[in-house]
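Undergrad: Here you go, this is start_39.cif (mmCIF, C-alpha atoms).
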data_coords
loop_
_atom_site.label_atom_id
_atom_site.label_comp_id
_atom_site.auth_asym_id
_atom_site.auth_seq_id
_atom_site.Cartn_x
_atom_site.Cartn_y
_atom_site.Cartn_z
CA GLY Z 1 82.37 103.76 64.38
CA ARG Z 2 86.12 103.39 64.74
CA LYS Z 3 88.13 105.21 67.39
CA HIS Z 4 88.70 108.71 66.12
CA ILE Z 5 90.10 112.00 67.36
CA VAL Z 6 87.27 114.06 68.84
CA LYS Z 7 89.25 117.02 70.17
CA VAL Z 8 92.61 118.68 69.58
CA ILE Z 9 93.77 121.24 72.15
CA GLU Z 10 96.85 123.41 71.85
CA THR Z 11 98.47 125.71 74.39
CA ASP Z 12 97.22 129.29 74.34
CA PRO Z 13 98.95 130.80 72.48
CA PRO Z 14 100.08 127.79 70.39
CA ASP Z 15 103.80 127.03 70.54
CA GLN Z 16 104.72 127.88 66.96
CA LYS Z 17 108.31 126.76 67.41
CA VAL Z 18 107.07 123.19 67.92
CA VAL Z 19 103.70 123.06 66.14
CA GLN Z 20 103.73 124.08 62.47
CA VAL Z 21 100.72 123.63 60.22
CA GLY Z 22 102.24 124.99 56.99
CA ALA Z 23 99.57 125.69 54.38
CA PHE Z 24 96.81 124.04 56.42
CA SER Z 25 94.43 126.13 58.52
CA SER Z 26 94.99 124.55 61.94
CA LEU Z 27 95.89 121.35 63.75
CA ALA Z 28 92.34 120.96 65.04
CA ALA Z 29 90.72 121.44 61.61
CA SER Z 30 93.04 118.82 60.09
CA LEU Z 31 92.80 116.21 62.87
CA GLU Z 32 89.38 116.31 64.50
CA GLN Z 33 87.08 113.47 63.41
CA ARG Z 34 90.04 111.66 61.79
CA VAL Z 35 91.01 108.03 62.47
CA VAL Z 36 94.65 107.16 63.17
CA GLU Z 37 95.19 104.18 60.85
CA ARG Z 38 98.87 103.50 61.56
CA VAL Z 39 101.96 104.95 63.19
CA HIS Z 40 105.16 104.92 61.10
CA ARG Z 41 108.76 105.67 62.01
CA LYS Z 42 111.91 106.27 60.01
CA GLY Z 43 115.11 107.39 61.70
CA LYS Z 44 114.23 109.94 64.35
CA TYR Z 45 110.88 110.87 62.80
CA LEU Z 46 107.47 109.34 63.29
CA TRP Z 47 104.23 110.10 61.56
CA LEU Z 48 100.57 109.34 62.08
CA GLU Z 49 98.75 107.96 59.05
CA LEU Z 50 95.18 109.22 59.19
CA ASN Z 51 92.15 108.15 57.15
CA GLU Z 52 92.36 111.53 55.38
CA ARG Z 53 95.26 113.83 54.58
CA PRO Z 54 97.14 115.80 55.78
CA TRP Z 55 99.03 113.49 58.13
CA VAL Z 56 101.01 114.43 61.26
CA LEU Z 57 104.82 114.30 61.20
CA CYS Z 58 106.69 114.41 64.51
CA HIS Z 59 110.32 114.69 65.49
CA LEU Z 60 110.91 114.25 69.23
CA GLY Z 61 114.10 116.33 69.38
CA MET Z 62 115.95 116.09 72.68
CA THR Z 63 113.02 115.93 75.10
CA GLY Z 64 109.83 115.37 73.09
CA SER Z 65 107.54 112.45 73.91
CA PHE Z 66 103.99 111.19 73.62
CA VAL Z 67 102.24 110.38 76.87
CA VAL Z 68 99.00 108.39 77.15
CA ARG Z 69 96.91 109.32 80.18
CA GLY Z 70 97.04 106.54 82.76
CA VAL Z 71 99.90 104.67 81.03
CA LYS Z 72 103.35 104.82 82.60
CA PRO Z 73 105.60 106.75 80.19
CA ALA Z 74 108.98 105.48 79.05
CA THR Z 75 111.99 106.99 80.80
CA TYR Z 76 115.35 107.58 79.19
CA LYS Z 77 118.41 108.26 81.29
CA SER Z 78 117.74 111.39 83.36
CA PHE Z 79 114.78 112.38 81.19
CA ALA Z 80 111.36 111.54 82.64
CA VAL Z 81 107.88 112.93 82.13
CA ASP Z 82 105.79 114.08 85.08
CA GLU Z 83 102.89 111.62 84.96
CA GLU Z 84 101.06 112.87 88.05
CA ALA Z 85 99.54 115.98 86.51
CA TRP Z 86 97.22 116.03 83.49
CA PRO Z 87 97.85 117.64 81.16
CA PRO Z 88 101.52 116.87 81.90
CA ARG Z 89 104.00 119.69 82.43
CA PHE Z 90 105.44 121.08 79.16
CA TRP Z 91 102.51 119.78 77.07
CA LYS Z 92 102.10 121.30 73.61
CA VAL Z 93 99.21 119.32 72.07
CA LEU Z 94 96.43 117.20 73.58
CA LEU Z 95 94.45 114.65 71.56
CA GLU Z 96 91.19 113.24 72.89
CA PHE Z 97 89.81 110.09 71.23
CA SER Z 98 86.23 108.84 70.95
CA ASP Z 99 86.89 105.93 73.37
CA GLY Z 100 88.17 108.28 76.08
CA THR Z 101 91.89 107.78 75.40
CA GLU Z 102 93.90 110.98 75.90
CA VAL Z 103 97.36 111.53 74.41
CA ALA Z 104 99.68 114.49 75.03
CA TYR Z 105 102.72 115.62 73.12
CA VAL Z 106 105.16 116.97 75.72
CA ASP Z 107 108.42 118.82 75.05
CA ALA Z 108 110.40 120.66 77.73
CA ARG Z 109 113.27 121.96 75.61
CA ARG Z 110 111.15 122.56 72.49
CA PHE Z 111 113.53 121.08 69.91
CA GLY Z 112 110.78 118.74 68.73
CA LYS Z 113 108.33 119.26 65.89
CA VAL Z 114 104.67 118.47 65.24
CA HIS Z 115 104.04 119.33 61.58
CA LEU Z 116 101.20 118.75 59.15
CA LYS Z 117 102.33 117.20 55.85
CA GLN Z 118 100.31 116.15 52.82
CA ASP Z 119 102.52 113.10 52.22
CA PRO Z 120 105.34 112.79 54.79
CA GLU Z 121 107.26 109.99 53.03
CA SER Z 122 107.64 111.84 49.75
CA GLU Z 123 108.42 115.24 51.30
CA LYS Z 124 111.44 116.58 53.16
CA PRO Z 125 112.72 115.75 55.74
CA ILE Z 126 111.73 112.06 55.39
CA SER Z 127 112.63 111.97 51.69
CA ASP Z 128 116.22 112.98 52.56
CA LEU Z 129 116.79 110.10 54.99
CA GLY Z 130 118.91 107.03 54.31
CA PRO Z 131 117.64 103.53 55.21
CA ASP Z 132 116.47 103.11 58.80
CA ALA Z 133 119.29 101.51 60.79
CA TRP Z 134 116.92 99.25 62.74
CA LEU Z 135 114.26 98.38 60.17
CA GLU Z 136 116.21 98.55 56.90
CA LEU Z 137 119.91 98.01 57.62
CA PRO Z 138 121.45 97.21 54.21
CA PRO Z 139 122.90 93.70 53.76
CA LEU Z 140 126.65 93.46 54.51
CA GLU Z 141 127.81 93.71 50.87
CA ASP Z 142 125.67 96.80 50.23
CA PHE Z 143 126.83 98.30 53.54
CA ARG Z 144 130.46 97.72 52.51
CA ALA Z 145 129.86 99.42 49.13
CA LEU Z 146 128.14 102.34 50.88
CA LEU Z 147 131.09 102.95 53.25
CA ALA Z 148 133.66 102.53 50.46
CA LYS Z 149 132.29 105.75 48.91
CA LYS Z 150 132.61 107.80 52.12
CA ALA Z 151 135.87 109.60 52.95
CA PRO Z 152 134.86 111.28 56.25
CA ALA Z 153 135.50 109.79 59.70
CA ILE Z 154 133.29 106.76 60.39
CA LYS Z 155 131.70 108.47 63.43
CA ALA Z 156 130.53 111.37 61.25
CA VAL Z 157 129.24 108.93 58.61
CA LEU Z 158 127.21 106.99 61.20
CA LEU Z 159 125.62 110.25 62.40
CA ASN Z 160 124.79 111.36 58.84
CA GLN Z 161 121.04 110.67 58.59
CA ALA Z 162 121.23 110.66 54.78
CA VAL Z 163 123.51 107.59 54.94
CA LEU Z 164 121.66 105.61 57.63
CA SER Z 165 118.83 107.12 59.66
CA GLY Z 166 118.19 106.70 63.36
CA ILE Z 167 121.70 106.41 64.81
CA GLY Z 168 122.40 109.13 67.37
CA ASN Z 169 125.53 110.07 69.28
CA TRP Z 170 125.72 107.45 72.03
CA VAL Z 171 124.61 104.61 69.74
CA ALA Z 172 127.35 105.54 67.25
CA ASP Z 173 129.94 105.55 70.05
CA GLU Z 174 128.67 102.23 71.40
CA VAL Z 175 128.78 100.40 68.06
CA LEU Z 176 132.28 101.74 67.35
CA TYR Z 177 133.48 100.64 70.80
CA GLN Z 178 131.93 97.18 70.44
CA ALA Z 179 133.43 96.85 66.94
CA ARG Z 180 136.83 98.12 68.24
CA ILE Z 181 137.02 100.95 65.69
CA HIS Z 182 138.50 104.40 66.39
CA PRO Z 183 135.85 107.09 65.67
CA GLU Z 184 138.24 109.12 63.46
CA THR Z 185 139.01 106.20 61.10
CA ARG Z 186 137.97 107.17 57.57
CA ALA Z 187 134.96 105.13 56.47
CA ASN Z 188 136.58 104.16 53.17
CA GLU Z 189 139.71 102.91 54.98
CA LEU Z 190 137.95 100.33 57.15
CA SER Z 191 139.12 96.76 56.58
CA ALA Z 192 136.65 94.06 55.48
CA ALA Z 193 136.76 92.63 59.02
CA GLN Z 194 136.03 96.05 60.55
CA VAL Z 195 133.07 96.64 58.22
CA LYS Z 196 131.68 93.21 59.13
CA ALA Z 197 132.13 93.90 62.88
CA LEU Z 198 130.50 97.32 62.55
CA HIS Z 199 127.52 95.92 60.63
CA LEU Z 200 127.03 93.22 63.27
CA GLN Z 201 127.30 95.69 66.17
CA ILE Z 202 124.74 98.09 64.66
CA GLU Z 203 122.30 95.15 64.67
CA GLU Z 204 123.33 93.99 68.16
CA VAL Z 205 123.29 97.36 69.94
CA LEU Z 206 119.99 98.44 68.38
CA THR Z 207 118.38 95.07 69.16
CA VAL Z 208 119.31 95.36 72.83
CA ALA Z 209 118.29 99.04 73.05
CA VAL Z 210 114.90 98.41 71.40
CA LYS Z 211 114.10 95.23 73.33
CA SER Z 212 114.90 96.95 76.63
CA LYS Z 213 112.80 99.98 75.56
CA ALA Z 214 115.91 102.16 76.08
CA ASP Z 215 115.92 101.39 79.82
CA SER Z 216 119.67 101.67 80.37
CA ALA Z 217 119.48 99.57 83.56
CA LEU Z 218 118.95 96.62 81.19
CA PHE Z 219 121.96 97.40 78.97
CA PRO Z 220 124.90 94.96 79.31
CA ASP Z 221 127.54 95.82 81.92
CA SER Z 222 130.17 95.64 79.16
CA TRP Z 223 128.74 98.68 77.37
CA LEU Z 224 130.59 101.97 77.17
CA PHE Z 225 127.21 103.63 77.78
CA HIS Z 226 127.41 103.14 81.55
CA TRP Z 227 130.73 104.98 81.90
CA ARG Z 228 130.60 107.76 79.32
CA TRP Z 229 128.33 110.40 80.90
CA THR Z 230 130.96 112.49 82.64
CA GLY Z 231 130.53 115.86 80.96
CA LYS Z 232 133.54 115.13 78.73
CA GLN Z 233 135.77 114.59 81.78
CA ALA Z 234 138.26 111.74 81.45
CA SER Z 235 136.80 108.61 82.98
CA LYS Z 236 137.29 104.85 83.10
CA MET Z 237 135.38 101.74 82.14
CA GLY Z 238 134.38 99.34 84.90
CA ASP Z 239 137.50 97.29 84.15
CA GLY Z 240 139.74 100.35 84.53
CA LYS Z 241 140.36 101.04 80.83
CA GLN Z 242 140.66 104.77 80.15
CA ILE Z 243 137.87 106.56 78.25
CA ALA Z 244 138.91 109.53 76.11
CA PHE Z 245 136.88 112.17 74.29
CA VAL Z 246 137.42 113.65 70.85
CA THR Z 247 135.26 115.90 68.66
CA VAL Z 248 134.34 114.24 65.35
CA GLY Z 249 131.88 115.76 62.88
CA GLY Z 250 130.98 118.46 65.39
CA ARG Z 251 129.95 116.00 68.12
CA THR Z 252 131.75 114.67 71.18
CA SER Z 253 132.86 111.06 70.80
CA ALA Z 254 133.66 108.83 73.77
CA PHE Z 255 136.06 105.98 72.99
CA VAL Z 256 138.54 103.64 74.65
CA PRO Z 257 141.99 104.21 73.09
CA SER Z 258 143.44 100.91 74.32
CA VAL Z 259 140.95 98.90 72.22
CA GLN Z 260 139.97 101.44 69.54
CA LYS Z 261 143.33 102.06 67.95
CA LYS Z 262 143.78 104.72 65.31
CA ILE Z 263 145.10 103.19 62.10
CA THR Z 264 145.93 105.48 59.20
CA LYS Z 265 146.72 104.01 55.83
CA LYS Z 266 150.14 104.87 54.48
CA LYS Z 267 149.98 106.75 51.20
CA LYS Z 268 151.33 104.68 48.32
CA LYS Z 269 154.44 106.23 46.78
#
As structure tokens, please, write out the structure in this file.
TA:
Amino acid sequence: GRKHIVKVIETDPPDQKVVQVGAFSSLAASLEQRVVERVHRKGKYLWLELNERPWVLCHLGMTGSFVVRGVKPATYKSFAVDEEAWPPRFWKVLLEFSDGTEVAYVDARRFGKVHLKQDPESEKPISDLGPDAWLELPPLEDFRALLAKKAPAIKAVLLNQAVLSGIGNWVADEVLYQARIHPETRANELSAAQVKALHLQIEEVLTVAVKSKADSALFPDSWLFHWRWTGKQASKMGDGKQIAFVTVGGRTSAFVPSVQKKITKKKKK
């Protein structure tokens, strides 16, 4: 038979902030003896398609990750999973497969979610998401039309998961820096050239981040990323350009005022 889940183990007691089964009886009852057919992702969510429903929807939050026993886990900035111990520290759910593979869902800060859903794509929260910024970035003309309808600051629009899904805080700052756009510029006031630059940089920055598996040591030296993590203290780029911070849409934005100039359209009289 195909590789299937033979055992599901949760912490005792289960962490109900992270693991939510909704109307279903339990994670184990819904997953044991099931085959994982595919893994899907949209925006910051991923879900496991099983050979029977319900399926498993996950959101990694700030510190959630899946770890496969014996496989070196991905690291991201200062966040790393302890791979020495098994189960790993901060584990919430363990899956054991028929071929001996063991997978743990780990989450130190517990902002993540492991939920059972009958049909994740047609239910909230997935149904509320805009196109995935990496897999489904709209063509330039459609992107231009989308932004033309949005009056808020472009930084807030980029973070709005109902517009495009998957762009988080540092990626939004990076694409705006690379496109030379001030984060407080209203989306519907961007010039055609700015929209084109922004569209290109979303593709470029995400391509680099995905290909390097988010290992920031592989990010280009010219990226704002390397110089922005100062706890909102004023800092400088490698070439000496000043980095400033401003709150836009409730989040801290890092930007370089000398290249990201604020342009406000004059009201017509």
Undergrad: Write out as number ranges by chain each polymer residue whose atoms come within 9 Å of Ala179 of chain Z, counting only C-alpha atoms; drop sequence neighbours fewer than 5 positions from it.
TA: Z: 174, 194-201, 260
Undergrad: What are the closest atom pairs, with distances in Å to one decimal, for each residue of segment 107-187 of chain Z lying within 12 Å of segment 224-237 of chain Z, using only C-alpha atoms, rows by chain and rising residue number, as a tab-separated table?
TA:
residue	atom	partner	partner_atom	distance
Z:Asn169	CA	Z:Phe225	CA	10.8
Z:Trp170	CA	Z:Phe225	CA	7.1
Z:Val171	CA	Z:Phe225	CA	8.5
Z:Ala172	CA	Z:Phe225	CA	10.7
Z:Asp173	CA	Z:Leu224	CA	8.0
Z:Glu174	CA	Z:Leu224	CA	6.1
Z:Val175	CA	Z:Leu224	CA	9.4
Z:Leu176	CA	Z:Leu224	CA	10.0
Z:Tyr177	CA	Z:Leu224	CA	7.1
Z:Gln178	CA	Z:Leu224	CA	8.4
Z:Ala179	CA	Z:Leu224	CA	11.8
Z:Arg180	CA	Z:Leu224	CA	11.6
Undergrad: Using the chain letters and numbers from this file, what does the PyMOL selection byres ((chain Z and resi 87) around 12) select? Give the answer as a PyMOL selection string.
TA: chain Z and resi 9-11+66-70+81-86+88-96+102-106
Undergrad: Please check which residues have atoms at most 7 Å from (89.3, 105.6, 69.0) in the file's coordinates, counting only C-alpha atoms, and write them as a PyMOL selection string.
TA: chain Z and resi 2-5+97-99
Undergrad: Can you pull out every residue within 9 Å of Arg41 of chain Z, counting all atoms listed in the file, but drop anything in the same chain fewer than 6 positions away, and send it as a PyMOL selection string?
TA: chain Z and resi 47-48+132
Undergrad: What gap, in Å, lies between atom CA of Ser122 of chain Z and atom CA of Val163 of chain Z?
TA: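 Separation of atom CA of Ser122 of chain Z and atom CA of Val163 of chain Z: 17.2 Å.
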Undergrad: Run the PyMOL selection byres ((chain Z and resi 19) around 12) on the file and write out the hits as an MDAnalysis selection string.
TA: chainID Z and resid 9:11 13:18 20:22 24 26:28 56:60 91:94 105:107 110:117
Undergrad: Can I get the selected residues back with C-alpha atoms, as a compact mmCIF listing (two decimals), keeping the file's coordinate frame?
TA:
# COMPACT_ATOMS: atom_id res chain seq x y z
CA ILE Z 9 93.77 121.24 72.15
CA GLU Z 10 96.85 123.41 71.85
CA THR Z 11 98.47 125.71 74.39
CA PRO Z 13 98.95 130.80 72.48
CA PRO Z 14 100.08 127.79 70.39
CA ASP Z 15 103.80 127.03 70.54
CA GLN Z 16 104.72 127.88 66.96
CA LYS Z 17 108.31 126.76 67.41
CA VAL Z 18 107.07 123.19 67.92
CA GLN Z 20 103.73 124.08 62.47
CA VAL Z 21 100.72 123.63 60.22
CA GLY Z 22 102.24 124.99 56.99
CA PHE Z 24 96.81 124.04 56.42
CA SER Z 26 94.99 124.55 61.94
CA LEU Z 27 95.89 121.35 63.75
CA ALA Z 28 92.34 120.96 65.04
CA VAL Z 56 101.01 114.43 61.26
CA LEU Z 57 104.82 114.30 61.20
CA CYS Z 58 106.69 114.41 64.51
CA HIS Z 59 110.32 114.69 65.49
CA LEU Z 60 110.91 114.25 69.23
CA TRP Z 91 102.51 119.78 77.07
CA LYS Z 92 102.10 121.30 73.61
CA VAL Z 93 99.21 119.32 72.07
CA LEU Z 94 96.43 117.20 73.58
CA TYR Z 105 102.72 115.62 73.12
CA VAL Z 106 105.16 116.97 75.72
CA ASP Z 107 108.42 118.82 75.05
CA ARG Z 110 111.15 122.56 72.49
CA PHE Z 111 113.53 121.08 69.91
CA GLY Z 112 110.78 118.74 68.73
CA LYS Z 113 108.33 119.26 65.89
CA VAL Z 114 104.67 118.47 65.24
CA HIS Z 115 104.04 119.33 61.58
CA LEU Z 116 101.20 118.75 59.15
CA LYS Z 117 102.33 117.20 55.85
Undergrad: How many Å separate atom CA of Ile126 of chain Z from atom CA of Lys149 of chain Z?
TA: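 Taking atom CA of Ile126 of chain Z as the start and atom CA of Lys149 of chain Z as the end point, the length is 22.5 Å.
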Undergrad: How many Å separate atom CA of Ala151 of chain Z from atom CA of Val246 of chain Z?
TA: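 Atom-to-atom, atom CA of Ala151 of chain Z and atom CA of Val246 of chain Z are spaced 18.4 Å apart.
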Undergrad: Report the residues retrieved by the PyMOL selection byres ((chain Z and resi 54) around 6) from the displayed file, expressed as a VMD selection string.
TA: chain Z and resid 53 55 117 to 118
Undergrad: How would the residues just chosen look if you wrote them out with C-alpha atoms as a tab-separated table (two decimals), keeping the file's coordinate frame?
TA:
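The resulting file, selection-v5.tsv, is shown below:
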chain	number	residue	atom	x	y	z
Z	53	ARG	CA	95.26	113.83	54.58
Z	55	TRP	CA	99.03	113.49	58.13
Z	117	LYS	CA	102.33	117.20	55.85
Z	118	GLN	CA	100.31	116.15	52.82
Undergrad: Taking only C-alpha atoms into account, name the residue in Z:Ile181, Z:Ala254, Z:Leu206, Z:Val71 that is nearest to Ala153 of chain Z.
TA: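 Nearest to Ala153 of chain Z: Z:Ile181.
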Undergrad: Could you name the residues that touch Tyr76 of chain Z at 12 Å or less, counting all atoms listed in the file, but leaving out those on the same chain fewer than 3 positions away, as a PyMOL selection string?
TA: chain Z and resi 62-65+73+79-81+209+212-218
Undergrad: So, counting all atoms listed in the file, which residue among Z:Leu190, Z:Leu31, Z:Ala162, Z:Val6 is closest to Asp128 of chain Z?
TA: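 Of Z:Leu190, Z:Leu31, Z:Ala162, Z:Val6, the one nearest Asp128 of chain Z, counting all atoms listed in the file, is Z:Ala162.
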Undergrad: Name the residues in contact with Gln161 of chain Z at a cut-off of 10 Å, using all atoms listed in the file, excluding same-chain residues fewer than 2 positions from it; report them as a list in words.
TA: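 Those residues are Gly43, Lys44, Ile126, Asp128, Leu129, Gly130, Pro131, Asp132, Ala133, Ala156, Val157, Leu158, Leu159, Val163, Leu164, Ser165, Gly166, Ile167 and Gly168 of chain Z.
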Undergrad: Skip segment 144-148 of chain Z itself and residues of its chain fewer than 4 positions away, then list as a list in words all residues within 7 Å of it, counting only C-alpha atoms.
TA: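 Answer for this query is Leu140, Ala187, Asn188 and Val195 of chain Z.
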Undergrad: Can you write out the residues you just picked, keeping C-alpha atoms, as a tab-separated table (two decimals), in the coordinates of the input?
TA:
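Everything below was put into selection-v4.tsv:
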chain	number	residue	atom	x	y	z
Z	140	LEU	CA	126.65	93.46	54.51
Z	187	ALA	CA	134.96	105.13	56.47
Z	188	ASN	CA	136.58	104.16	53.17
Z	195	VAL	CA	133.07	96.64	58.22
